$ cat data_9.pdb   # PDB, C-alpha atoms
ATOM      1  CA  MET A   1     -18.181  -1.122   9.150
ATOM      2  CA  SER A   2     -19.960  -1.331  12.507
ATOM      3  CA  GLU A   3     -22.692   1.089  13.540
ATOM      4  CA  ASN A   4     -20.515   2.349  16.386
ATOM      5  CA  SER A   5     -17.638   3.332  14.117
ATOM      6  CA  LYS A   6     -16.904   7.016  13.885
ATOM      7  CA  ARG A   7     -17.942   9.090  10.885
ATOM      8  CA  LEU A   8     -14.970   9.156   8.522
ATOM      9  CA  ARG A   9     -13.524  11.900   6.363
ATOM     10  CA  ILE A  10     -12.611  10.359   2.999
ATOM     11  CA  GLY A  11     -10.813  12.142   0.180
ATOM     12  CA  VAL A  12     -10.885  11.211  -3.491
ATOM     13  CA  SER A  13      -8.055  12.473  -5.686
ATOM     14  CA  GLY A  14      -8.978  12.420  -9.360
ATOM     15  CA  ILE A  15     -12.635  12.515 -10.416
ATOM     16  CA  GLY A  16     -12.353  10.780 -13.751
ATOM     17  CA  SER A  17     -14.507   7.746 -14.500
ATOM     18  CA  ILE A  18     -13.140   5.575 -11.662
ATOM     19  CA  GLY A  19     -12.759   8.409  -9.150
ATOM     20  CA  PHE A  20     -16.331   9.539  -9.782
ATOM     21  CA  ARG A  21     -17.561   5.965  -9.266
ATOM     22  CA  HIS A  22     -15.746   5.821  -5.913
ATOM     23  CA  THR A  23     -17.316   9.147  -4.947
ATOM     24  CA  ARG A  24     -20.803   8.107  -6.056
ATOM     25  CA  LEU A  25     -20.643   4.811  -4.159
ATOM     26  CA  LEU A  26     -19.371   6.526  -1.018
ATOM     27  CA  SER A  27     -22.194   9.070  -1.274
ATOM     28  CA  GLN A  28     -24.804   6.325  -1.672
ATOM     29  CA  ARG A  29     -23.648   4.339   1.360
ATOM     30  CA  GLY A  30     -23.628   7.397   3.628
ATOM     31  CA  GLY A  31     -21.859   7.677   6.961
ATOM     32  CA  VAL A  32     -18.844   9.487   5.530
ATOM     33  CA  ASP A  33     -17.896  13.037   4.655
ATOM     34  CA  ILE A  34     -16.334  13.173   1.201
ATOM     35  CA  TYR A  35     -13.739  15.635  -0.089
ATOM     36  CA  VAL A  36     -12.654  15.624  -3.730
ATOM     37  CA  ALA A  37      -9.811  17.078  -5.772
ATOM     38  CA  ASP A  38      -9.481  17.371  -9.529
ATOM     39  CA  PRO A  39      -7.969  20.048 -11.803
ATOM     40  CA  VAL A  40     -10.998  19.937 -14.111
ATOM     41  CA  GLU A  41     -13.845  22.192 -12.952
ATOM     42  CA  SER A  42     -16.600  20.177 -14.615
ATOM     43  CA  HIS A  43     -15.446  17.037 -12.783
ATOM     44  CA  ARG A  44     -15.573  18.867  -9.453
ATOM     45  CA  LYS A  45     -19.026  20.290 -10.169
ATOM     46  CA  ALA A  46     -20.405  16.849 -11.009
ATOM     47  CA  ALA A  47     -19.011  15.443  -7.757
ATOM     48  CA  MET A  48     -20.423  18.305  -5.683
ATOM     49  CA  GLU A  49     -23.932  17.373  -6.818
ATOM     50  CA  LEU A  50     -23.647  14.058  -4.953
ATOM     51  CA  PRO A  51     -24.913  13.814  -1.366
ATOM     52  CA  GLY A  52     -22.226  13.725   1.280
ATOM     53  CA  VAL A  53     -19.597  15.582  -0.746
ATOM     54  CA  ALA A  54     -18.511  18.298   1.671
ATOM     55  CA  ALA A  55     -15.976  20.209  -0.423
ATOM     56  CA  SER A  56     -13.984  20.185  -3.635
ATOM     57  CA  THR A  57     -10.669  21.690  -4.658
ATOM     58  CA  ASP A  58      -8.306  21.816  -7.616
ATOM     59  CA  SER A  59      -5.316  21.364  -5.280
ATOM     60  CA  PHE A  60      -4.140  18.027  -3.898
ATOM     61  CA  ASP A  61      -2.231  19.795  -1.129
ATOM     62  CA  ARG A  62      -5.457  21.528  -0.088
ATOM     63  CA  LEU A  63      -7.293  18.200  -0.140
ATOM     64  CA  LEU A  64      -4.905  16.865   2.509
ATOM     65  CA  GLU A  65      -5.671  19.857   4.741
ATOM     66  CA  TYR A  66      -9.196  18.515   5.387
ATOM     67  CA  GLY A  67      -7.845  16.107   8.015
ATOM     68  CA  LEU A  68      -8.648  12.963   6.084
ATOM     69  CA  ASP A  69      -8.967   9.544   7.673
ATOM     70  CA  GLY A  70      -8.559   7.917   4.285
ATOM     71  CA  LEU A  71      -7.646   8.867   0.726
ATOM     72  CA  ILE A  72      -8.636   7.155  -2.520
ATOM     73  CA  ILE A  73      -6.099   7.934  -5.244
ATOM     74  CA  ALA A  74      -7.684   7.753  -8.703
ATOM     75  CA  ALA A  75      -5.493  10.408 -10.307
ATOM     76  CA  PRO A  76      -3.395   9.578 -13.405
ATOM     77  CA  ASP A  77      -0.698   6.955 -12.809
ATOM     78  CA  GLN A  78       2.218   9.406 -12.642
ATOM     79  CA  PHE A  79       0.778  10.947  -9.453
ATOM     80  CA  HIS A  80       0.114   7.722  -7.537
ATOM     81  CA  ILE A  81       3.401   7.436  -5.657
ATOM     82  CA  SER A  82       3.832  11.084  -4.682
ATOM     83  CA  GLN A  83       0.218  11.446  -3.531
ATOM     84  CA  ALA A  84       0.317   8.187  -1.582
ATOM     85  CA  GLU A  85       3.497   9.235   0.199
ATOM     86  CA  GLN A  86       2.073  12.629   1.156
ATOM     87  CA  ALA A  87      -1.124  11.047   2.467
ATOM     88  CA  CYS A  88       0.820   8.448   4.487
ATOM     89  CA  ARG A  89       2.872  11.197   6.121
ATOM     90  CA  LYS A  90      -0.387  12.959   7.037
ATOM     91  CA  GLY A  91      -1.623   9.847   8.815
ATOM     92  CA  ALA A  92      -4.317   8.913   6.288
ATOM     93  CA  ALA A  93      -4.943   5.367   5.130
ATOM     94  CA  VAL A  94      -4.674   5.036   1.346
ATOM     95  CA  LEU A  95      -6.562   3.132  -1.331
ATOM     96  CA  ILE A  96      -4.350   3.517  -4.380
ATOM     97  CA  GLU A  97      -5.885   2.635  -7.736
ATOM     98  CA  LYS A  98      -4.003   0.266  -9.999
ATOM     99  CA  PRO A  99      -1.361   0.386 -11.230
ATOM    100  CA  ILE A 100       0.417   1.293  -8.030
ATOM    101  CA  ALA A 101       2.976   3.263 -10.086
ATOM    102  CA  GLU A 102       4.161   3.764 -13.645
ATOM    103  CA  ASN A 103       6.978   1.250 -13.087
ATOM    104  CA  VAL A 104       8.556  -0.801 -10.313
ATOM    105  CA  THR A 105      11.513   1.519  -9.708
ATOM    106  CA  GLN A 106       9.136   4.237  -8.486
ATOM    107  CA  CYS A 107       7.917   2.026  -5.629
ATOM    108  CA  ASP A 108      11.051   2.036  -3.445
ATOM    109  CA  SER A 109      10.337   5.399  -1.857
ATOM    110  CA  LEU A 110       6.713   4.452  -1.142
ATOM    111  CA  ILE A 111       7.801   1.297   0.689
ATOM    112  CA  THR A 112      10.151   3.374   2.839
ATOM    113  CA  THR A 113       7.434   5.934   3.587
ATOM    114  CA  ILE A 114       4.902   3.248   4.546
ATOM    115  CA  LYS A 115       7.362   1.713   7.012
ATOM    116  CA  GLU A 116       8.305   5.063   8.533
ATOM    117  CA  ALA A 117       4.697   6.255   8.843
ATOM    118  CA  LYS A 118       3.296   2.819   9.766
ATOM    119  CA  ALA A 119       0.688   3.549   7.133
ATOM    120  CA  LYS A 120      -2.152   1.383   5.842
ATOM    121  CA  VAL A 121      -2.192   1.092   2.048
ATOM    122  CA  LEU A 122      -4.699  -0.947   0.040
ATOM    123  CA  VAL A 123      -4.146  -1.469  -3.697
ATOM    124  CA  GLY A 124      -7.210  -1.165  -5.922
ATOM    125  CA  TYR A 125      -7.578  -4.576  -7.542
ATOM    126  CA  PRO A 126     -11.335  -5.005  -6.987
ATOM    127  CA  LEU A 127     -11.485  -8.438  -8.635
ATOM    128  CA  ARG A 128     -10.119  -9.707  -5.304
ATOM    129  CA  HIS A 129     -13.528  -8.660  -3.885
ATOM    130  CA  ASN A 130     -15.560 -10.045  -6.802
ATOM    131  CA  SER A 131     -17.927 -12.889  -5.871
ATOM    132  CA  VAL A 132     -17.218 -14.752  -9.128
ATOM    133  CA  PHE A 133     -13.449 -14.727  -8.625
ATOM    134  CA  LEU A 134     -13.781 -15.549  -4.919
ATOM    135  CA  LYS A 135     -15.962 -18.577  -5.693
ATOM    136  CA  ALA A 136     -13.558 -19.751  -8.396
ATOM    137  CA  LYS A 137     -10.572 -19.323  -6.065
ATOM    138  CA  GLU A 138     -12.305 -21.425  -3.423
ATOM    139  CA  MET A 139     -13.025 -24.141  -6.021
ATOM    140  CA  VAL A 140      -9.437 -24.191  -7.268
ATOM    141  CA  ASP A 141      -8.048 -24.297  -3.734
ATOM    142  CA  ARG A 142     -10.292 -27.302  -3.010
ATOM    143  CA  GLY A 143      -8.677 -29.087  -5.956
ATOM    144  CA  ILE A 144     -11.916 -29.436  -7.872
ATOM    145  CA  ILE A 145     -10.064 -29.576 -11.230
ATOM    146  CA  GLY A 146      -7.039 -31.384  -9.836
ATOM    147  CA  GLU A 147      -3.510 -30.182 -10.517
ATOM    148  CA  ILE A 148      -3.499 -27.124 -12.775
ATOM    149  CA  VAL A 149      -1.252 -27.525 -15.812
ATOM    150  CA  SER A 150      -2.062 -24.485 -17.951
ATOM    151  CA  PHE A 151      -4.210 -21.352 -18.237
ATOM    152  CA  GLN A 152      -5.572 -18.846 -20.739
ATOM    153  CA  ILE A 153      -6.406 -15.180 -20.160
ATOM    154  CA  LEU A 154      -8.627 -13.229 -22.563
ATOM    155  CA  LEU A 155      -9.230  -9.546 -21.922
ATOM    156  CA  GLY A 156     -10.381  -6.881 -24.329
ATOM    157  CA  SER A 157     -12.339  -3.674 -24.029
ATOM    158  CA  TYR A 158     -12.487  -0.753 -26.386
ATOM    159  CA  ASN A 159     -14.753   0.893 -23.825
ATOM    160  CA  THR A 160     -11.745   1.443 -21.562
ATOM    161  CA  LEU A 161     -10.670   4.200 -23.955
ATOM    162  CA  VAL A 162     -14.201   5.481 -24.491
ATOM    163  CA  ALA A 163     -15.048   5.780 -20.792
ATOM    164  CA  ALA A 164     -11.779   7.378 -19.667
ATOM    165  CA  LYS A 165     -12.044  11.104 -18.947
ATOM    166  CA  ASN A 166      -8.427  12.097 -18.444
ATOM    167  CA  ARG A 167      -6.190   9.013 -18.345
ATOM    168  CA  PHE A 168      -5.191   8.636 -21.989
ATOM    169  CA  SER A 169      -3.608  10.682 -24.736
ATOM    170  CA  GLN A 170      -2.551   9.663 -28.230
ATOM    171  CA  THR A 171       1.124  10.188 -27.350
ATOM    172  CA  GLU A 172       1.165   7.754 -24.408
ATOM    173  CA  ILE A 173       2.492   4.255 -25.011
ATOM    174  CA  ASN A 174       2.311   0.900 -23.222
ATOM    175  CA  LYS A 175      -0.788   1.755 -21.175
ATOM    176  CA  LEU A 176      -2.297  -1.597 -22.121
ATOM    177  CA  PHE A 177       0.193  -3.513 -19.944
ATOM    178  CA  VAL A 178      -0.686  -1.619 -16.757
ATOM    179  CA  ASP A 179      -4.315  -0.731 -17.436
ATOM    180  CA  TYR A 180      -5.088  -4.436 -17.425
ATOM    181  CA  SER A 181      -2.682  -5.307 -14.638
ATOM    182  CA  HIS A 182      -5.753  -6.793 -12.914
ATOM    183  CA  GLU A 183      -4.852  -9.849 -14.983
ATOM    184  CA  TRP A 184      -1.323 -10.040 -13.579
ATOM    185  CA  ASP A 185      -2.694  -9.667 -10.053
ATOM    186  CA  TYR A 186      -5.369 -12.347 -10.160
ATOM    187  CA  LEU A 187      -3.074 -14.706 -12.113
ATOM    188  CA  GLN A 188      -0.575 -14.670  -9.237
ATOM    189  CA  TRP A 189      -3.364 -14.750  -6.631
ATOM    190  CA  PHE A 190      -4.624 -18.017  -8.141
ATOM    191  CA  LEU A 191      -1.430 -19.676  -9.370
ATOM    192  CA  GLY A 192       1.578 -18.143  -7.619
ATOM    193  CA  LYS A 193       4.321 -15.919  -8.954
ATOM    194  CA  VAL A 194       5.242 -15.493 -12.594
ATOM    195  CA  LYS A 195       8.847 -16.554 -13.271
ATOM    196  CA  ARG A 196       9.387 -15.209 -16.805
ATOM    197  CA  VAL A 197       7.424 -13.850 -19.752
ATOM    198  CA  VAL A 198       7.701 -13.279 -23.466
ATOM    199  CA  GLY A 199       5.325 -11.159 -25.517
ATOM    200  CA  ILE A 200       4.538  -9.539 -28.828
ATOM    201  CA  SER A 201       2.446  -6.455 -29.468
ATOM    202  CA  HIS A 202       1.212  -4.264 -32.292
ATOM    203  CA  THR A 203      -1.073  -1.347 -33.089
ATOM    204  CA  SER A 204      -3.724  -2.327 -35.604
ATOM    205  CA  GLY A 205      -7.221  -1.636 -36.866
ATOM    206  CA  ASN A 206      -9.137   1.543 -37.576
ATOM    207  CA  ARG A 207     -10.832   2.277 -34.266
ATOM    208  CA  GLU A 208     -11.409   5.991 -33.665
ATOM    209  CA  LYS A 209      -9.587   5.880 -30.329
ATOM    210  CA  LYS A 210      -6.234   4.150 -30.445
ATOM    211  CA  GLN A 211      -3.390   3.490 -28.051
ATOM    212  CA  SER A 212       0.022   2.052 -28.912
ATOM    213  CA  PRO A 213       0.023  -0.890 -28.691
ATOM    214  CA  ASN A 214      -3.619  -1.905 -28.787
ATOM    215  CA  VAL A 215      -3.002  -5.672 -29.027
ATOM    216  CA  VAL A 216      -0.716  -7.780 -26.797
ATOM    217  CA  ASN A 217      -0.170 -11.537 -26.745
ATOM    218  CA  ALA A 218       2.033 -13.166 -24.122
ATOM    219  CA  LEU A 219       3.351 -16.503 -22.879
ATOM    220  CA  PHE A 220       3.968 -17.107 -19.163
ATOM    221  CA  ASP A 221       6.244 -19.488 -17.288
ATOM    222  CA  MET A 222       5.191 -19.683 -13.612
ATOM    223  CA  GLU A 223       7.476 -20.513 -10.689
ATOM    224  CA  SER A 224       5.315 -23.615 -10.121
ATOM    225  CA  GLY A 225       6.154 -24.930 -13.599
ATOM    226  CA  VAL A 226       2.684 -24.146 -14.988
ATOM    227  CA  SER A 227       2.604 -22.231 -18.274
ATOM    228  CA  GLY A 228      -0.127 -20.270 -20.026
ATOM    229  CA  THR A 229      -1.087 -17.473 -22.377
ATOM    230  CA  ALA A 230      -2.737 -14.056 -22.296
ATOM    231  CA  HIS A 231      -4.372 -11.879 -24.933
ATOM    232  CA  LEU A 232      -5.121  -8.207 -24.185
ATOM    233  CA  ASP A 233      -6.586  -5.590 -26.485
ATOM    234  CA  TYR A 234      -8.254  -2.186 -26.770
ATOM    235  CA  ILE A 235     -10.382  -3.501 -29.666
ATOM    236  CA  LEU A 236     -13.210  -5.752 -28.477
ATOM    237  CA  SER A 237     -16.610  -4.124 -28.097
ATOM    238  CA  PRO A 238     -18.501  -5.093 -26.087
ATOM    239  CA  GLY A 239     -15.547  -6.147 -24.018
ATOM    240  CA  THR A 240     -14.828  -9.477 -22.405
ATOM    241  CA  ARG A 241     -12.791 -10.816 -19.488
ATOM    242  CA  ALA A 242     -12.239 -14.561 -19.159
ATOM    243  CA  PHE A 243      -9.781 -16.741 -17.240
ATOM    244  CA  THR A 244      -9.553 -20.457 -18.001
ATOM    245  CA  MET A 245      -7.569 -22.887 -15.848
ATOM    246  CA  ILE A 246      -6.861 -26.360 -17.212
ATOM    247  CA  GLY A 247      -6.349 -29.106 -14.648
ATOM    248  CA  ASP A 248      -5.661 -32.815 -14.875
ATOM    249  CA  GLU A 249      -9.217 -33.526 -13.670
ATOM    250  CA  GLY A 250     -11.171 -30.749 -15.339
ATOM    251  CA  VAL A 251     -11.394 -27.193 -16.642
ATOM    252  CA  LEU A 252     -12.633 -24.072 -14.831
ATOM    253  CA  THR A 253     -13.512 -20.899 -16.746
ATOM    254  CA  ILE A 254     -14.362 -17.559 -15.178
ATOM    255  CA  ASN A 255     -16.464 -15.326 -17.410
ATOM    256  CA  ALA A 256     -16.360 -12.015 -15.558
ATOM    257  CA  THR A 257     -18.500 -10.304 -18.197
ATOM    258  CA  LYS A 258     -21.376 -12.760 -17.738
ATOM    259  CA  THR A 259     -20.560 -13.200 -14.003
ATOM    260  CA  SER A 260     -20.445 -16.961 -14.330
ATOM    261  CA  ILE A 261     -18.138 -19.928 -13.783
ATOM    262  CA  THR A 262     -18.148 -22.980 -16.023
ATOM    263  CA  LEU A 263     -16.842 -26.232 -14.550
ATOM    264  CA  GLN A 264     -16.060 -29.175 -16.810
ATOM    265  CA  LYS A 265     -15.001 -32.531 -15.345
ATOM    266  CA  TYR A 266     -13.379 -35.138 -17.552
ATOM    267  CA  GLU A 267     -15.176 -38.036 -15.880
ATOM    268  CA  ASP A 268     -18.724 -38.654 -17.146
ATOM    269  CA  ASP A 269     -18.472 -35.633 -19.461
ATOM    270  CA  PHE A 270     -19.753 -33.430 -16.601
ATOM    271  CA  GLU A 271     -20.414 -29.691 -17.093
ATOM    272  CA  ARG A 272     -22.023 -27.145 -14.783
ATOM    273  CA  VAL A 273     -22.460 -23.381 -15.058
ATOM    274  CA  TYR A 274     -22.589 -21.295 -11.872
ATOM    275  CA  ASP A 275     -24.360 -17.965 -12.375
ATOM    276  CA  ILE A 276     -23.323 -15.520  -9.665
ATOM    277  CA  ALA A 277     -24.951 -12.138  -9.076
ATOM    278  CA  GLU A 278     -22.280  -9.440  -9.242
ATOM    279  CA  THR A 279     -22.139  -5.971 -10.751
ATOM    280  CA  PHE A 280     -19.240  -3.583 -11.151
ATOM    281  CA  ASP A 281     -20.797  -1.326  -8.530
ATOM    282  CA  SER A 282     -21.308  -4.144  -6.012
ATOM    283  CA  MET A 283     -17.714  -5.287  -6.452
ATOM    284  CA  MET A 284     -16.375  -1.765  -6.027
ATOM    285  CA  LEU A 285     -18.590  -1.158  -3.010
ATOM    286  CA  LYS A 286     -17.206  -4.280  -1.308
ATOM    287  CA  GLN A 287     -13.713  -2.906  -1.886
ATOM    288  CA  ILE A 288     -14.750   0.435  -0.357
ATOM    289  CA  GLU A 289     -16.284  -1.312   2.662
ATOM    290  CA  HIS A 290     -13.055  -3.242   3.145
ATOM    291  CA  PHE A 291     -11.074   0.006   2.958
ATOM    292  CA  LEU A 292     -13.281   1.636   5.585
ATOM    293  CA  ASP A 293     -12.891  -1.431   7.804
ATOM    294  CA  VAL A 294      -9.103  -1.194   7.397
ATOM    295  CA  ILE A 295      -9.283   2.418   8.606
ATOM    296  CA  ASN A 296     -11.464   1.548  11.598
ATOM    297  CA  SER A 297      -9.725  -1.630  12.760
ATOM    298  CA  ASP A 298      -6.513  -3.629  12.761
ATOM    299  CA  ILE A 299      -7.497  -5.939   9.898
ATOM    300  CA  GLU A 300      -4.951  -6.496   7.148
ATOM    301  CA  CYS A 301      -5.386  -5.148   3.630
ATOM    302  CA  LYS A 302      -6.575  -7.902   1.284
ATOM    303  CA  VAL A 303      -4.418  -6.492  -1.533
ATOM    304  CA  THR A 304      -1.067  -5.236  -0.317
ATOM    305  CA  VAL A 305       1.608  -2.988  -1.766
ATOM    306  CA  ASP A 306       3.656  -6.141  -2.418
ATOM    307  CA  ASP A 307       0.753  -7.495  -4.485
ATOM    308  CA  GLY A 308       0.655  -4.240  -6.449
ATOM    309  CA  ILE A 309       4.390  -4.370  -7.065
ATOM    310  CA  ASN A 310       4.253  -8.011  -8.169
ATOM    311  CA  ALA A 311       1.600  -7.151 -10.768
ATOM    312  CA  LEU A 312       3.693  -4.218 -11.955
ATOM    313  CA  ARG A 313       6.779  -6.445 -12.249
ATOM    314  CA  VAL A 314       4.910  -8.594 -14.769
ATOM    315  CA  ALA A 315       3.908  -5.526 -16.790
ATOM    316  CA  ASP A 316       7.491  -4.200 -16.747
ATOM    317  CA  ALA A 317       8.883  -7.585 -17.809
ATOM    318  CA  LEU A 318       6.420  -7.809 -20.714
ATOM    319  CA  ILE A 319       7.410  -4.359 -21.942
ATOM    320  CA  ARG A 320      11.109  -5.326 -21.759
ATOM    321  CA  SER A 321      10.396  -8.601 -23.529
ATOM    322  CA  ILE A 322       8.762  -6.847 -26.459
ATOM    323  CA  GLU A 323      11.553  -4.270 -26.650
ATOM    324  CA  LYS A 324      14.273  -6.961 -26.578
ATOM    325  CA  ASN A 325      12.337  -9.644 -28.474
ATOM    326  CA  ALA A 326      13.297 -12.195 -25.811
ATOM    327  CA  TRP A 327      12.138 -13.924 -22.652
ATOM    328  CA  GLN A 328      12.450 -11.740 -19.545
ATOM    329  CA  GLU A 329      12.686 -12.711 -15.888
ATOM    330  CA  VAL A 330       9.993 -11.061 -13.737
TER     331      VAL A 330
END

$ encode --input "data_9.pdb" --output "structure tokens"
Amino acid sequence: MSENSKRLRIGVSGIGSIGFRHTRLLSQRGGVDIYVADPVESHRKAAMELPGVAASTDSFDRLLEYGLDGLIIAAPDQFHISQAEQACRKGAAVLIEKPIAENVTQCDSLITTIKEAKAKVLVGYPLRHNSVFLKAKEMVDRGIIGEIVSFQILLGSYNTLVAAKNRFSQTEINKLFVDYSHEWDYLQWFLGKVKRVVGISHTSGNREKKQSPNVVNALFDMESGVSGTAHLDYILSPGTRAFTMIGDEGVLTINATKTSITLQKYEDDFERVYDIAETFDSMMLKQIEHFLDVINSDIECKVTVDDGINALRVADALIRSIEKNAWQEV
């Protein structure tokens, strides 16, 4: 954001672990007035201790009365659509945390509202701003591993359940498919749309915190003809996130946990590891800076509502596949 840009009024709805991180990063960068909303008093008190936080409230409606230029929605998933629509009608730009909704059918009204209000809506898939993923995308687009023929996704993190303040309960089901919808977003960012999926899932192990299911394995058939697999779980600790793409000239593996890329070329048995400096905070801050630039200018959102819906379509299709024990079109 340029030095001549006006001071912005930014709201944050939901001060759980992710919402608090957004608030903390905004407070550290300065240049904005921050307004927060959360029904939990202790969450509001913690946020009010940060510099730049002007006010807090337990009411989302009251939050919108502060004349916001932008709103970050980090409330539980069931509130994403309704809060985004209200903010759009108020003229605020929106950064809506993933998943964009609980399911695809909820998105129709948001699309209509965005068109009517001519609103700006950015979807919170911060891996699109991650230096490791950006470098890997550039390498793949240059054809450094040739034609991609297959891929493997590995994602697991018990800490997702540990760190969450108010997003999970023991009675909720199928959170795994949407909590890790980052995977469905970057998969389609790199390799195009998913055509159909089939999956299996189960709830296993004796971890203290448990969601149903806590293990998912899936097979993907892409529109390009490429196929691949994904494993997700709420078990691994410490967690891991890895994305391997197999080409006809080499293999490229993103290790997001170690912030590195490993390139293997079949000729001459070549292997090189690229270590790239990136932290969760730096990635999230780049997303925030992009959001503020969207508010202040005519630049396009790097992650659109259509991107958010496409990721959610994959999650919905996987859930249907497991329920029906059959391949499902996305």

$ resolve_selection --input "data_9.pdb" --expression "the PyMOL selection byres ((chain A and resi 11-27) around 9)" --output "PyMOL selection string"
chain A and resi 9-10+28-40+43-44+46-47+50-53+60+63-64+66+68-76+83+97+163-167+281+284-285+288

$ closest_atom_pairs --input "data_9.pdb" --of "segment 291-329 of chain A" --to "segment 124-130 of chain A" --cutoff "9 Å" --atoms "all atoms listed in the file" --output "JSON lines"
{"residue": "A:Lys302", "atom": "CA", "partner": "A:Arg128", "partner_atom": "CA", "distance": 7.7}
{"residue": "A:Val303", "atom": "CA", "partner": "A:Tyr125", "partner_atom": "CA", "distance": 7.1}
{"residue": "A:Gly308", "atom": "CA", "partner": "A:Tyr125", "partner_atom": "CA", "distance": 8.3}

$ closest_residue --input "data_9.pdb" --among "A:Ile261, A:Leu110, A:Asp221, A:Asp275" --to "Glu329 of chain A" --atoms "all atoms listed in the file"
A:Asp221

$ resolve_selection --input "data_9.pdb" --expression "the PyMOL selection byres ((chain A and resi 276) around 8)" --output "VMD selection string"
chain A and resid 131 to 132 259 to 261 274 to 275 277 to 278

$ atom_distance --input "data_9.pdb" --atom1 "atom CA of Arg89 of chain A" --atom2 "atom CA of Ile309 of chain A"
20.5 Å

$ resolve_selection --input "data_9.pdb" --expression "the PyMOL selection byres ((chain A and resi 211) around 9)" --output "PyMOL selection string"
chain A and resi 161+168-176+203+209-210+212-214+234

$ write_last_selection --input "data_9.pdb" --atoms "C-alpha atoms" --output "PDB file, in the coordinates of the input"
ATOM      1  CA  LEU A 161     -10.670   4.200 -23.955  1.00  0.00           C
ATOM      2  CA  PHE A 168      -5.191   8.636 -21.989  1.00  0.00           C
ATOM      3  CA  SER A 169      -3.608  10.682 -24.736  1.00  0.00           C
ATOM      4  CA  GLN A 170      -2.551   9.663 -28.230  1.00  0.00           C
ATOM      5  CA  THR A 171       1.124  10.188 -27.350  1.00  0.00           C
ATOM      6  CA  GLU A 172       1.165   7.754 -24.408  1.00  0.00           C
ATOM      7  CA  ILE A 173       2.492   4.255 -25.011  1.00  0.00           C
ATOM      8  CA  ASN A 174       2.311   0.900 -23.222  1.00  0.00           C
ATOM      9  CA  LYS A 175      -0.788   1.755 -21.175  1.00  0.00           C
ATOM     10  CA  LEU A 176      -2.297  -1.597 -22.121  1.00  0.00           C
ATOM     11  CA  THR A 203      -1.073  -1.347 -33.089  1.00  0.00           C
ATOM     12  CA  LYS A 209      -9.587   5.880 -30.329  1.00  0.00           C
ATOM     13  CA  LYS A 210      -6.234   4.150 -30.445  1.00  0.00           C
ATOM     14  CA  SER A 212       0.022   2.052 -28.912  1.00  0.00           C
ATOM     15  CA  PRO A 213       0.023  -0.890 -28.691  1.00  0.00           C
ATOM     16  CA  ASN A 214      -3.619  -1.905 -28.787  1.00  0.00           C
ATOM     17  CA  TYR A 234      -8.254  -2.186 -26.770  1.00  0.00           C
TER      18      TYR A 234
END

$ atom_distance --input "data_9.pdb" --atom1 "atom CA of Pro99 of chain A" --atom2 "atom CA of Val178 of chain A"
5.9 Å

$ build_atoms --input "data_9.pdb" --residues "segment 11-23 of chain A" --atoms "N, CA and C atoms" --output "compact mmCIF listing (two decimals), in the coordinates of the input"
# COMPACT_ATOMS: atom_id res chain seq x y z
N GLY A 11 -11.15 11.34 1.35
CA GLY A 11 -10.81 12.14 0.18
C GLY A 11 -10.73 11.28 -1.07
N VAL A 12 -11.05 11.88 -2.20
CA VAL A 12 -10.88 11.21 -3.49
C VAL A 12 -10.08 12.15 -4.38
N SER A 13 -8.92 11.69 -4.80
CA SER A 13 -8.06 12.47 -5.69
C SER A 13 -8.21 11.96 -7.11
N GLY A 14 -8.73 12.82 -7.98
CA GLY A 14 -8.98 12.42 -9.36
C GLY A 14 -10.42 11.99 -9.54
N ILE A 15 -11.21 12.80 -10.24
CA ILE A 15 -12.64 12.52 -10.42
C ILE A 15 -12.91 12.20 -11.88
N GLY A 16 -12.05 11.33 -12.44
CA GLY A 16 -12.35 10.78 -13.75
C GLY A 16 -13.41 9.70 -13.61
N SER A 17 -13.44 8.75 -14.53
CA SER A 17 -14.51 7.75 -14.50
C SER A 17 -14.45 6.88 -13.24
N ILE A 18 -13.25 6.42 -12.85
CA ILE A 18 -13.14 5.58 -11.66
C ILE A 18 -13.29 6.40 -10.39
N GLY A 19 -12.64 7.56 -10.33
CA GLY A 19 -12.76 8.41 -9.15
C GLY A 19 -14.19 8.85 -8.90
N PHE A 20 -14.93 9.16 -9.95
CA PHE A 20 -16.33 9.54 -9.78
C PHE A 20 -17.15 8.36 -9.27
N ARG A 21 -16.84 7.15 -9.75
CA ARG A 21 -17.56 5.96 -9.27
C ARG A 21 -17.31 5.77 -7.77
N HIS A 22 -16.05 5.91 -7.34
CA HIS A 22 -15.75 5.82 -5.91
C HIS A 22 -16.57 6.85 -5.13
N THR A 23 -16.60 8.07 -5.63
CA THR A 23 -17.32 9.15 -4.95
C THR A 23 -18.81 8.87 -4.89
